[in-house]
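Here's entry07.txt, which has compact mmCIF, C-alpha atoms:
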```
# COMPACT_ATOMS: atom_id res chain seq x y z
CA MET V 1 11.90 7.14 37.81
CA THR V 2 10.38 9.08 34.91
CA ALA V 3 8.37 7.27 32.27
CA ASN V 4 10.16 6.38 29.01
CA PRO V 5 8.96 9.00 26.49
CA LYS V 6 9.49 6.61 23.56
CA ILE V 7 7.04 4.02 24.86
CA CYS V 8 3.38 4.60 23.99
CA SER V 9 0.21 2.73 23.10
CA ALA V 10 -0.78 1.81 19.54
CA ARG V 11 -3.56 4.40 19.70
CA GLN V 12 -1.17 7.14 20.87
CA ALA V 13 1.23 6.26 18.07
CA VAL V 14 -1.49 6.37 15.44
CA ALA V 15 -2.50 9.85 16.69
CA LEU V 16 0.86 11.02 15.29
CA ILE V 17 -0.22 10.07 11.75
CA HIS V 18 -2.05 12.69 9.68
CA PRO V 19 -4.65 12.27 6.93
CA GLY V 20 -2.90 12.20 3.57
CA ASP V 21 0.40 10.96 5.03
CA ARG V 22 2.76 8.61 3.25
CA LEU V 23 2.78 5.57 5.49
CA MET V 24 5.36 2.80 5.21
CA VAL V 25 4.43 -0.56 6.73
CA GLY V 26 6.76 -3.53 7.08
CA SER V 27 5.23 -6.79 5.81
CA PHE V 28 5.60 -9.76 3.53
CA GLY V 29 2.39 -11.65 2.86
CA ASN V 30 0.76 -11.25 6.30
CA SER V 31 4.10 -12.10 7.92
CA GLY V 32 6.31 -9.69 9.82
CA TYR V 33 3.92 -6.76 10.02
CA PRO V 34 2.95 -4.64 13.03
CA GLU V 35 -0.51 -6.09 13.50
CA GLN V 36 -1.71 -3.94 16.41
CA LEU V 37 -0.51 -0.70 14.80
CA VAL V 38 -2.16 -1.73 11.53
CA ASN V 39 -5.41 -2.47 13.35
CA ALA V 40 -5.21 0.87 15.18
CA VAL V 41 -4.86 2.69 11.83
CA ALA V 42 -7.72 0.64 10.36
CA ASP V 43 -9.92 1.53 13.35
CA SER V 44 -9.06 5.25 13.07
CA ASP V 45 -10.57 8.02 10.92
CA LEU V 46 -7.36 8.40 8.91
CA LYS V 47 -8.02 8.76 5.18
CA ASP V 48 -6.27 9.53 1.89
CA LEU V 49 -3.21 7.55 2.94
CA THR V 50 -0.43 6.54 0.60
CA ILE V 51 0.57 3.06 1.74
CA ILE V 52 4.12 2.00 0.92
CA SER V 53 4.50 -1.75 1.45
CA ASN V 54 5.54 -4.96 -0.29
CA ASP V 55 1.94 -6.16 -0.66
CA LEU V 56 -1.43 -5.33 0.87
CA GLY V 57 -2.20 -8.43 2.91
CA SER V 58 -5.45 -10.14 2.02
CA PRO V 59 -8.98 -8.70 1.65
CA ASN V 60 -9.91 -7.17 5.03
CA VAL V 61 -6.93 -8.92 6.66
CA GLY V 62 -3.71 -7.25 7.79
CA LEU V 63 -2.82 -4.28 5.59
CA GLY V 64 -5.80 -5.22 3.42
CA ARG V 65 -8.05 -3.61 6.05
CA PHE V 66 -6.89 -0.13 4.91
CA LEU V 67 -8.36 -0.69 1.46
CA THR V 68 -11.49 -2.48 2.63
CA ASN V 69 -12.07 0.55 4.92
CA ARG V 70 -11.43 3.00 2.03
CA GLN V 71 -8.54 4.75 3.78
CA VAL V 72 -6.21 4.50 0.77
CA ARG V 73 -5.52 7.12 -1.88
CA ALA V 74 -2.44 5.52 -3.37
CA LEU V 75 -0.29 2.40 -3.12
CA ILE V 76 3.43 2.09 -3.79
CA GLY V 77 4.65 -1.48 -3.71
CA ASN V 78 5.24 -4.53 -5.83
CA TYR V 79 2.91 -7.48 -5.32
CA TYR V 80 -0.87 -7.16 -4.96
CA ASN V 81 -1.95 -10.51 -6.42
CA TRP V 82 -2.64 -11.80 -2.91
CA ASN V 83 -5.33 -9.13 -2.47
CA PRO V 84 -7.72 -8.97 -5.44
CA GLU V 85 -9.43 -5.90 -3.93
CA VAL V 86 -6.40 -3.89 -5.07
CA ALA V 87 -6.91 -4.58 -8.79
CA GLU V 88 -10.66 -3.96 -8.33
CA ALA V 89 -10.13 -0.57 -6.69
CA TYR V 90 -7.49 0.37 -9.24
CA ASN V 91 -9.69 -0.60 -12.21
CA ALA V 92 -12.56 1.41 -10.71
CA GLY V 93 -10.28 4.45 -10.44
CA ARG V 94 -10.58 4.64 -6.66
CA ILE V 95 -6.83 4.36 -5.98
CA GLN V 96 -3.52 5.00 -7.68
CA VAL V 97 -1.04 2.12 -7.80
CA THR V 98 2.69 2.41 -8.51
CA LEU V 99 4.39 -0.93 -9.09
CA VAL V 100 8.11 -1.07 -8.39
CA PRO V 101 10.10 -4.32 -8.80
CA GLN V 102 10.67 -5.82 -5.35
CA GLY V 103 14.44 -5.41 -5.28
CA THR V 104 14.20 -1.86 -6.59
CA PHE V 105 11.51 -1.15 -4.01
CA ALA V 106 13.75 -2.39 -1.17
CA GLU V 107 16.75 -0.46 -2.44
CA ALA V 108 14.72 2.73 -2.95
CA ILE V 109 13.60 2.59 0.68
CA ARG V 110 17.15 1.92 1.82
CA ALA V 111 18.33 4.82 -0.34
CA ALA V 112 15.82 7.17 1.31
CA GLY V 113 17.14 6.19 4.71
CA VAL V 114 20.78 6.70 3.84
CA GLY V 115 20.55 9.99 1.93
CA ILE V 116 20.84 8.69 -1.63
CA PRO V 117 18.25 10.50 -3.81
CA ALA V 118 18.43 8.14 -6.80
CA PHE V 119 20.34 5.17 -8.17
CA PHE V 120 20.72 3.14 -11.36
CA THR V 121 19.70 -0.52 -11.62
CA PRO V 122 19.58 -3.01 -14.51
CA THR V 123 16.26 -4.34 -13.20
CA ALA V 124 13.28 -3.61 -15.46
CA ALA V 125 15.36 -2.00 -18.23
CA GLY V 126 13.23 -1.83 -21.39
CA THR V 127 10.08 -3.08 -19.66
CA ASP V 128 6.74 -1.41 -18.98
CA LEU V 129 7.84 -0.63 -15.41
CA ALA V 130 10.73 1.50 -16.67
CA ARG V 131 8.54 3.58 -18.98
CA GLY V 132 9.26 7.31 -18.66
CA LYS V 133 12.29 6.73 -16.44
CA GLU V 134 15.75 8.05 -17.26
CA THR V 135 18.18 5.38 -18.48
CA ARG V 136 21.92 5.22 -18.86
CA ASP V 137 24.36 2.60 -20.13
CA PHE V 138 27.08 1.39 -17.78
CA ASP V 139 29.59 -1.24 -18.92
CA GLY V 140 27.52 -1.88 -22.02
CA ARG V 141 24.30 -2.59 -20.16
CA ARG V 142 21.14 -0.47 -19.96
CA HIS V 143 20.23 0.78 -16.46
CA VAL V 144 17.15 2.57 -15.15
CA MET V 145 17.27 5.51 -12.76
CA GLU V 146 15.09 4.95 -9.71
CA ARG V 147 14.27 7.54 -7.06
CA ALA V 148 14.46 6.99 -3.31
CA ILE V 149 11.12 6.29 -1.60
CA HIS V 150 10.52 8.38 1.52
CA ALA V 151 7.65 8.33 4.01
CA ASP V 152 6.17 10.49 6.71
CA VAL V 153 5.70 7.61 9.11
CA ALA V 154 7.04 4.03 9.18
CA LEU V 155 5.26 1.32 11.15
CA VAL V 156 7.60 -1.60 11.70
CA LYS V 157 7.51 -4.93 13.53
CA ALA V 158 10.43 -6.23 15.55
CA LEU V 159 10.77 -9.06 18.04
CA LYS V 160 12.33 -7.02 20.86
CA ALA V 161 13.31 -3.47 21.65
CA ASP V 162 15.45 -2.29 24.50
CA ALA V 163 14.28 0.81 26.37
CA LEU V 164 16.24 3.03 23.99
CA GLY V 165 14.59 1.53 20.90
CA ASN V 166 17.37 -0.72 19.62
CA LEU V 167 15.65 -3.48 17.65
CA VAL V 168 16.16 -7.15 16.90
CA TYR V 169 13.96 -9.15 14.54
CA PHE V 170 12.74 -12.74 14.15
CA LYS V 171 13.57 -14.88 11.11
CA THR V 172 11.83 -13.86 7.86
CA ALA V 173 9.59 -11.46 9.80
CA ARG V 174 12.50 -9.04 9.30
CA ASN V 175 11.70 -8.41 5.58
CA PHE V 176 11.47 -4.63 4.90
CA ASN V 177 11.23 -3.54 8.54
CA PRO V 178 14.86 -2.46 9.13
CA LEU V 179 14.87 -0.53 5.83
CA MET V 180 11.61 1.28 6.53
CA ALA V 181 12.77 2.16 10.05
CA MET V 182 15.44 4.36 8.39
CA ALA V 183 13.30 5.91 5.66
CA ALA V 184 10.59 7.87 7.45
CA ARG V 185 10.48 11.11 9.47
CA LEU V 186 8.83 9.19 12.33
CA THR V 187 9.33 5.49 13.01
CA VAL V 188 7.10 3.49 15.33
CA ALA V 189 8.17 -0.05 16.25
CA GLU V 190 5.72 -2.65 17.53
CA VAL V 191 7.53 -5.28 19.58
CA ASP V 192 6.69 -8.43 21.53
CA GLU V 193 8.99 -7.48 24.40
CA ILE V 194 10.81 -4.45 25.81
CA VAL V 195 14.02 -5.26 27.67
CA PRO V 196 16.33 -3.04 29.75
CA VAL V 197 19.14 -1.12 28.09
CA GLY V 198 22.16 -3.38 27.95
CA ALA V 199 20.13 -6.58 27.71
CA LEU V 200 20.57 -6.85 23.92
CA ASP V 201 23.95 -7.99 22.65
CA PRO V 202 25.33 -4.92 20.79
CA GLU V 203 26.67 -7.24 18.08
CA CYS V 204 23.16 -8.49 17.38
CA ILE V 205 21.25 -5.20 17.22
CA VAL V 206 19.89 -4.83 13.68
CA THR V 207 18.27 -1.39 13.94
CA PRO V 208 20.14 1.09 16.16
CA HIS V 209 17.83 3.26 18.26
CA ILE V 210 18.74 6.44 16.37
CA PHE V 211 16.13 5.31 13.81
CA VAL V 212 13.32 4.60 16.27
CA ASN V 213 11.05 7.32 17.68
CA LYS V 214 8.29 5.36 19.38
CA ILE V 215 7.98 1.86 20.81
CA VAL V 216 4.65 0.08 21.16
CA LEU V 217 4.51 -3.09 23.22
CA ARG V 218 2.25 -5.65 21.63
CA GLU V 219 -0.66 -6.45 23.96
CA GLY V 220 -2.10 -9.85 24.75
CA PRO V 221 -0.77 -13.24 23.67
CA MET J 1 -2.40 -28.71 -30.04
CA ASN J 2 -1.78 -31.16 -27.21
CA SER J 3 1.32 -32.31 -25.40
CA PRO J 4 1.88 -36.10 -25.70
CA VAL J 5 2.91 -36.20 -22.03
CA ALA J 6 0.22 -36.85 -19.41
CA LYS J 7 -0.53 -33.66 -17.53
CA ASP J 8 0.15 -35.07 -14.07
CA LEU J 9 3.72 -35.99 -15.08
CA VAL J 10 4.71 -32.59 -16.46
CA LYS J 11 5.72 -30.68 -13.34
CA ASN J 12 7.79 -33.40 -11.71
CA ARG J 13 9.52 -34.28 -14.98
CA ILE J 14 10.59 -30.67 -15.51
CA ALA J 15 11.65 -30.27 -11.87
CA ARG J 16 13.66 -33.51 -11.92
CA ARG J 17 15.53 -32.53 -15.08
CA ILE J 18 16.45 -29.10 -13.69
CA ALA J 19 17.56 -30.64 -10.38
CA ALA J 20 19.89 -32.99 -12.29
CA GLU J 21 21.47 -29.92 -13.88
CA PHE J 22 22.35 -28.57 -10.42
CA SER J 23 23.23 -31.91 -8.82
CA ALA J 24 25.89 -32.42 -11.48
CA ARG J 25 27.54 -29.07 -10.85
CA LYS J 26 30.28 -28.33 -8.33
CA GLY J 27 29.25 -26.43 -5.23
CA PRO J 28 28.64 -24.33 -3.41
CA LEU J 29 25.65 -23.33 -5.53
CA PHE J 30 23.26 -20.58 -4.44
CA ILE J 31 19.84 -20.95 -6.01
CA ASN J 32 16.56 -19.04 -5.85
CA LEU J 33 13.42 -21.03 -6.69
CA GLY J 34 10.22 -19.33 -7.82
CA VAL J 35 6.73 -20.51 -6.84
CA GLY J 36 5.03 -23.54 -8.46
CA THR J 37 7.08 -26.04 -10.48
CA PRO J 38 10.39 -24.32 -9.61
CA THR J 39 9.79 -25.05 -5.90
CA LEU J 40 9.56 -28.77 -6.74
CA VAL J 41 13.16 -28.72 -7.96
CA ALA J 42 14.29 -28.83 -4.31
CA ASN J 43 12.68 -32.29 -3.92
CA PHE J 44 15.03 -33.82 -6.52
CA ILE J 45 18.38 -32.17 -5.85
CA GLN J 46 21.11 -34.64 -4.91
CA GLY J 47 24.03 -33.58 -2.74
CA ASP J 48 24.66 -31.11 0.04
CA HIS J 49 26.38 -28.42 -2.03
CA ILE J 50 23.25 -26.40 -2.77
CA TYR J 51 21.92 -23.52 -0.70
CA LEU J 52 18.44 -22.16 -1.40
CA GLN J 53 17.78 -18.45 -1.12
CA ALA J 54 14.34 -16.93 -0.54
CA GLU J 55 14.07 -13.30 -1.61
CA ASN J 56 12.08 -12.36 1.49
CA GLY J 57 15.33 -12.64 3.39
CA MET J 58 16.72 -16.11 3.99
CA LEU J 59 19.73 -18.14 2.82
CA GLY J 60 19.63 -21.85 3.65
CA VAL J 61 15.91 -22.54 3.24
CA GLY J 62 14.92 -26.04 4.39
CA PRO J 63 11.95 -28.24 3.50
CA LYS J 64 8.38 -27.05 4.03
CA ALA J 65 7.33 -26.89 7.66
CA THR J 66 4.52 -29.10 8.90
CA GLY J 67 2.63 -29.51 12.18
CA ASP J 68 4.17 -27.78 15.18
CA ALA J 69 7.05 -26.42 13.11
CA VAL J 70 4.73 -24.02 11.23
CA ASP J 71 5.44 -20.40 12.20
CA ARG J 72 4.16 -17.63 9.97
CA ARG J 73 7.28 -15.65 10.84
CA LEU J 74 9.34 -18.21 8.89
CA ILE J 75 8.09 -18.39 5.31
CA ASN J 76 9.46 -18.53 1.79
CA ALA J 77 8.63 -15.98 -0.90
CA GLY J 78 5.53 -17.97 -1.82
CA ARG J 79 4.24 -17.47 1.76
CA GLU J 80 4.71 -21.18 2.57
CA PRO J 81 6.00 -22.03 6.05
CA VAL J 82 9.49 -23.49 5.75
CA THR J 83 12.21 -24.80 8.05
CA GLU J 84 15.80 -23.81 8.76
CA THR J 85 18.94 -25.65 7.71
CA PRO J 86 22.18 -25.58 9.74
CA GLY J 87 24.09 -22.41 8.87
CA CYS J 88 21.08 -20.56 7.52
CA SER J 89 20.84 -16.79 7.89
CA TYR J 90 18.27 -13.99 7.78
CA PHE J 91 18.62 -10.49 6.34
CA ASP J 92 16.51 -7.57 5.16
CA SER J 93 15.04 -7.34 1.66
CA ALA J 94 17.67 -4.88 0.36
CA THR J 95 20.48 -7.28 1.30
CA SER J 96 18.49 -10.14 -0.20
CA PHE J 97 18.12 -8.38 -3.54
CA GLY J 98 21.71 -7.24 -3.25
CA MET J 99 22.64 -10.93 -3.38
CA ILE J 100 20.47 -11.32 -6.46
CA ARG J 101 21.34 -8.15 -8.35
CA GLY J 102 24.97 -8.31 -7.28
CA GLY J 103 25.52 -11.55 -9.16
CA HIS J 104 25.95 -13.75 -6.07
CA ILE J 105 23.03 -16.05 -6.89
CA ASP J 106 24.21 -18.78 -9.28
CA ALA J 107 20.78 -19.58 -10.70
CA THR J 108 17.12 -18.74 -10.47
CA VAL J 109 14.39 -21.12 -11.58
CA ILE J 110 11.21 -19.39 -12.69
CA GLY J 111 7.97 -20.16 -14.46
CA ALA J 112 6.96 -18.20 -17.55
CA PHE J 113 3.97 -17.44 -19.78
CA GLU J 114 6.23 -17.03 -22.82
CA VAL J 115 9.90 -17.22 -23.76
CA ASP J 116 10.93 -15.97 -27.17
CA GLU J 117 13.69 -17.03 -29.53
CA GLU J 118 15.89 -14.19 -28.30
CA GLY J 119 15.62 -15.37 -24.70
CA SER J 120 13.26 -12.63 -23.56
CA ILE J 121 10.88 -13.77 -20.83
CA ALA J 122 7.29 -12.76 -20.09
CA ASN J 123 6.23 -14.01 -16.69
CA TRP J 124 4.97 -11.14 -14.56
CA ILE J 125 1.53 -10.17 -15.79
CA ILE J 126 -1.30 -11.11 -18.10
CA PRO J 127 -3.00 -7.77 -18.61
CA ASN J 128 -6.54 -8.94 -17.88
CA GLY J 129 -7.29 -6.49 -15.10
CA ARG J 130 -7.22 -9.11 -12.35
CA GLN J 131 -3.51 -9.01 -11.50
CA LEU J 132 -1.38 -6.21 -10.17
CA GLY J 133 1.98 -7.45 -9.09
CA VAL J 134 5.56 -7.95 -10.21
CA GLY J 135 7.27 -9.19 -7.05
CA GLY J 136 10.94 -10.00 -7.53
CA ALA J 137 10.62 -11.40 -11.06
CA MET J 138 12.38 -8.54 -12.85
CA ASP J 139 15.20 -8.39 -10.31
CA LEU J 140 15.73 -12.16 -10.49
CA VAL J 141 15.98 -12.39 -14.28
CA ALA J 142 18.26 -9.33 -14.41
CA GLY J 143 20.47 -10.38 -11.52
CA ALA J 144 20.85 -14.16 -11.29
CA ARG J 145 23.88 -15.54 -13.12
CA GLN J 146 21.82 -18.25 -14.81
CA VAL J 147 18.11 -17.93 -15.55
CA VAL J 148 16.36 -21.30 -15.83
CA VAL J 149 12.79 -21.36 -17.11
CA ALA J 150 10.55 -24.25 -16.05
CA MET J 151 7.31 -24.34 -18.00
CA PRO J 152 4.96 -26.65 -19.90
CA HIS J 153 5.66 -26.71 -23.63
CA LEU J 154 2.15 -25.49 -24.47
CA GLY J 155 -0.18 -23.05 -22.76
CA SER J 156 -3.58 -24.07 -21.40
CA ASP J 157 -4.97 -22.81 -24.74
CA GLY J 158 -2.78 -25.34 -26.59
CA LYS J 159 -0.56 -22.65 -28.09
CA PRO J 160 3.26 -22.78 -28.00
CA LYS J 161 4.83 -20.90 -25.11
CA LEU J 162 8.16 -20.75 -26.96
CA VAL J 163 7.38 -17.95 -29.39
CA ARG J 164 9.14 -15.81 -31.97
CA ARG J 165 8.52 -12.66 -29.98
CA CYS J 166 6.83 -12.26 -26.58
CA THR J 167 3.29 -10.92 -26.91
CA LEU J 168 2.84 -10.35 -23.17
CA PRO J 169 4.66 -7.66 -21.16
CA VAL J 170 8.32 -8.65 -20.88
CA THR J 171 10.02 -9.28 -17.53
CA GLY J 172 13.55 -9.14 -18.91
CA PHE J 173 15.09 -9.05 -22.38
CA HIS J 174 17.61 -11.70 -23.53
CA GLU J 175 17.80 -13.17 -20.02
CA ALA J 176 16.90 -16.87 -20.46
CA ASP J 177 19.82 -19.32 -20.36
CA LEU J 178 18.03 -22.65 -20.13
CA VAL J 179 14.42 -23.66 -20.81
CA VAL J 180 13.08 -27.03 -19.71
CA THR J 181 9.64 -28.27 -20.75
CA GLU J 182 8.17 -31.76 -20.50
CA LEU J 183 9.22 -32.31 -24.13
CA ALA J 184 12.56 -30.64 -24.58
CA LEU J 185 15.55 -28.84 -23.16
CA PHE J 186 16.83 -25.71 -24.89
CA ARG J 187 19.95 -23.71 -24.10
CA PHE J 188 20.66 -20.19 -25.23
CA VAL J 189 24.16 -20.14 -26.69
CA GLN J 190 25.47 -16.72 -27.71
CA GLY J 191 21.92 -15.44 -27.94
CA ARG J 192 20.68 -18.34 -30.09
CA MET J 193 18.20 -20.96 -29.00
CA VAL J 194 19.55 -24.49 -29.30
CA LEU J 195 17.57 -27.72 -28.85
CA CYS J 196 19.77 -30.01 -26.74
CA GLU J 197 17.46 -32.75 -25.46
CA ILE J 198 14.22 -34.25 -26.64
CA ALA J 199 11.71 -36.38 -24.71
CA PRO J 200 10.95 -40.00 -25.72
CA GLU J 201 7.31 -39.25 -26.60
CA ILE J 202 8.15 -36.93 -29.49
CA ASP J 203 10.47 -36.53 -32.50
CA LEU J 204 12.14 -33.49 -33.99
CA ASP J 205 9.27 -32.77 -36.39
CA GLY J 206 6.90 -32.93 -33.44
CA ILE J 207 8.97 -30.41 -31.48
CA ARG J 208 9.04 -28.08 -34.50
CA THR J 209 5.25 -28.29 -34.76
CA LEU J 210 4.78 -27.40 -31.09
CA THR J 211 7.42 -24.65 -31.00
CA GLU J 212 6.89 -21.29 -32.67
CA ALA J 213 10.37 -19.99 -31.81
CA ARG J 214 13.11 -20.75 -34.31
CA PHE J 215 15.96 -22.84 -32.96
CA THR J 216 18.96 -24.82 -34.09
CA VAL J 217 19.53 -28.44 -33.15
CA ALA J 218 22.62 -29.36 -31.15
CA GLU J 219 25.07 -31.62 -32.98
CA ASP J 220 24.90 -33.97 -30.02
CA LEU J 221 21.11 -33.88 -29.54
CA LYS J 222 20.35 -36.22 -26.66
CA PRO J 223 17.29 -38.02 -25.36
CA MET J 224 15.87 -36.18 -22.36
CA PRO J 225 16.12 -38.37 -19.26
CA VAL J 226 12.61 -38.84 -17.88
```
Now, as a test, write the supplied structure out as structure tokens.
Amino acid sequence: MTANPKICSARQAVALIHPGDRLMVGSFGNSGYPEQLVNAVADSDLKDLTIISNDLGSPNVGLGRFLTNRQVRALIGNYYNWNPEVAEAYNAGRIQVTLVPQGTFAEAIRAAGVGIPAFFTPTAAGTDLARGKETRDFDGRRHVMERAIHADVALVKALKADALGNLVYFKTARNFNPLMAMAARLTVAEVDEIVPVGALDPECIVTPHIFVNKIVLREGP
Amino acid sequence: MNSPVAKDLVKNRIARRIAAEFSARKGPLFINLGVGTPTLVANFIQGDHIYLQAENGMLGVGPKATGDAVDRRLINAGREPVTETPGCSYFDSATSFGMIRGGHIDATVIGAFEVDEEGSIANWIIPNGRQLGVGGAMDLVAGARQVVVAMPHLGSDGKPKLVRRCTLPVTGFHEADLVVTELALFRFVQGRMVLCEIAPEIDLDGIRTLTEARFTVAEDLKPMPV
């Protein structure tokens, strides 16, 4: 039996990321993020990364390690109040930060994955976060044009993969993971368990394996 | 200026009044609660016709989890561990905000720094260099069918939070439908702010003194149940 070419270690997966890449990482407040992949990036020499994520963990914890380690050039996301190092680095001019309302952020990632270059949303119309963006009125209401958000690499967390890379998630640890899995050129999924093909109920698969390039089995407890 | 209501009573009074608003309504009602005082609303809701949504991807959020039930993979949008209710479901963030933006959420309860007399809400940032986040605030005020603001009548500086025009960056324009403070309940009716209920500790002149926004008084002005 030949080895499954999709399965690799966290370190092997991180070797596929390049300095300066746009890196999407599933997460919501230190929940539902690929911890071992994140740690492998934080322990690597990768620099100048653009991190696309809901938030940036906490100082030196989770995704926060990227900033503490000075691996970040830019952030695209929506909520950094849980990690005060972000505002510090931004005020000091060390990083760029683009804030996108959370629902717009989710939809922009979904759009990237499904071939929609831009869309209109009523969210943020007239506010500081819509400044400089094209607007249009639909049905008497002002809407803002938002562009899709693409990435070079997506690091996602799922509960289980089958050997093909079909994914199922666990409770609110799903968050942005299924969206990000569709939106990058290369998607790496960290999972707690890899099961044989056919072991996942096809009706319950959330991310079909067409979107998954590499599978990393989480090590240890 | 000072509020005549003891500080430790404020949050629960506001939460209880908002809960009564929902308890009285026919279900099913789908509601998103923001962090802080809005979360307390869940403690006072009567009836089983209300389903709580968390924007990080859950419909049917149960009470906070304690002890062995705590699992960091099951949290609300304020990162608190929560529990499931029968019939709850999980979904990705785009579907979650689809519920919100698509008009499927009946009400959102949020806190605010300021609400102005036109119903515009400022609640996402105080530009002091220490905060950098918007979260789902702009999506919620734009998308929920009813926007309920839960906030103290006065800021920590003693200044009115109901103002003529928001001075802080706005989250959404003309979006507030109902504002509940420890002293009063205001509804926005056809874009105009109307005082509908008033707390026992204060009279109309007192409310006018503590409120910068201009409002009309409902013909059937009622005492606020406390």
**Study point:** Check: which chain J residues lie within 9 Å of chain V using only C-alpha atoms, as a ChimeraX atom specification
**Key:** /J:55-58,72-79,89-98,100-101,129-143,169-173
Review point. Looking at V:Phe120, V:Ala42, V:Ile76, V:Leu186, which one is nearest to Asp137 in chain V, with distances taken over only C-alpha atoms?
Key: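 The closest residue to Asp137 in chain V is V:Phe120.
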Review point. Which of these residues is nearest to Phe211 in chain V, using all atoms listed in the file: V:Ala40, V:Ala161, V:Ala15, V:Ala183?
Key: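 Closest candidate: V:Ala183.
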Is there a way to get, as a compact mmCIF listing (two decimals) with C-alpha atoms, in the frame of the given file, all residues within 12 Å of the point (12.7, -32.1, -19.0) in file coordinates, counting all atoms listed in the file?
```txt
# COMPACT_ATOMS: atom_id res chain seq x y z
CA VAL J 5 2.91 -36.20 -22.03
CA LEU J 9 3.72 -35.99 -15.08
CA VAL J 10 4.71 -32.59 -16.46
CA LYS J 11 5.72 -30.68 -13.34
CA ASN J 12 7.79 -33.40 -11.71
CA ARG J 13 9.52 -34.28 -14.98
CA ILE J 14 10.59 -30.67 -15.51
CA ALA J 15 11.65 -30.27 -11.87
CA ARG J 16 13.66 -33.51 -11.92
CA ARG J 17 15.53 -32.53 -15.08
CA ILE J 18 16.45 -29.10 -13.69
CA ALA J 19 17.56 -30.64 -10.38
CA ALA J 20 19.89 -32.99 -12.29
CA GLU J 21 21.47 -29.92 -13.88
CA THR J 37 7.08 -26.04 -10.48
CA VAL J 41 13.16 -28.72 -7.96
CA VAL J 148 16.36 -21.30 -15.83
CA VAL J 149 12.79 -21.36 -17.11
CA ALA J 150 10.55 -24.25 -16.05
CA MET J 151 7.31 -24.34 -18.00
CA PRO J 152 4.96 -26.65 -19.90
CA HIS J 153 5.66 -26.71 -23.63
CA LEU J 178 18.03 -22.65 -20.13
CA VAL J 179 14.42 -23.66 -20.81
CA VAL J 180 13.08 -27.03 -19.71
CA THR J 181 9.64 -28.27 -20.75
CA GLU J 182 8.17 -31.76 -20.50
CA LEU J 183 9.22 -32.31 -24.13
CA ALA J 184 12.56 -30.64 -24.58
CA LEU J 185 15.55 -28.84 -23.16
CA PHE J 186 16.83 -25.71 -24.89
CA LEU J 195 17.57 -27.72 -28.85
CA CYS J 196 19.77 -30.01 -26.74
CA GLU J 197 17.46 -32.75 -25.46
CA ILE J 198 14.22 -34.25 -26.64
CA ALA J 199 11.71 -36.38 -24.71
CA PRO J 200 10.95 -40.00 -25.72
CA GLU J 201 7.31 -39.25 -26.60
CA LYS J 222 20.35 -36.22 -26.66
CA PRO J 223 17.29 -38.02 -25.36
CA MET J 224 15.87 -36.18 -22.36
CA PRO J 225 16.12 -38.37 -19.26
CA VAL J 226 12.61 -38.84 -17.88
```
Exercise for review: In Å, rounded to a single decimal, give me how far CA of Gly132 in chain V is from CA of Gly115 in chain V.
Suggested key: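 CA of Gly132 in chain V lies at a distance of 23.6 Å from CA of Gly115 in chain V.
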Practice item. Could you jot down the CA of Ala65 in chain J to CA of Glu84 in chain J separation for me, Å, one decimal place? Key: 9.1 Å
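Excluding Gly155 in chain J itself and same-chain residues fewer than 5 positions from it, the residues having an atom within 8 Å of it are Phe113, Pro160 and Lys161 of chain J, counting all atoms listed in the file.
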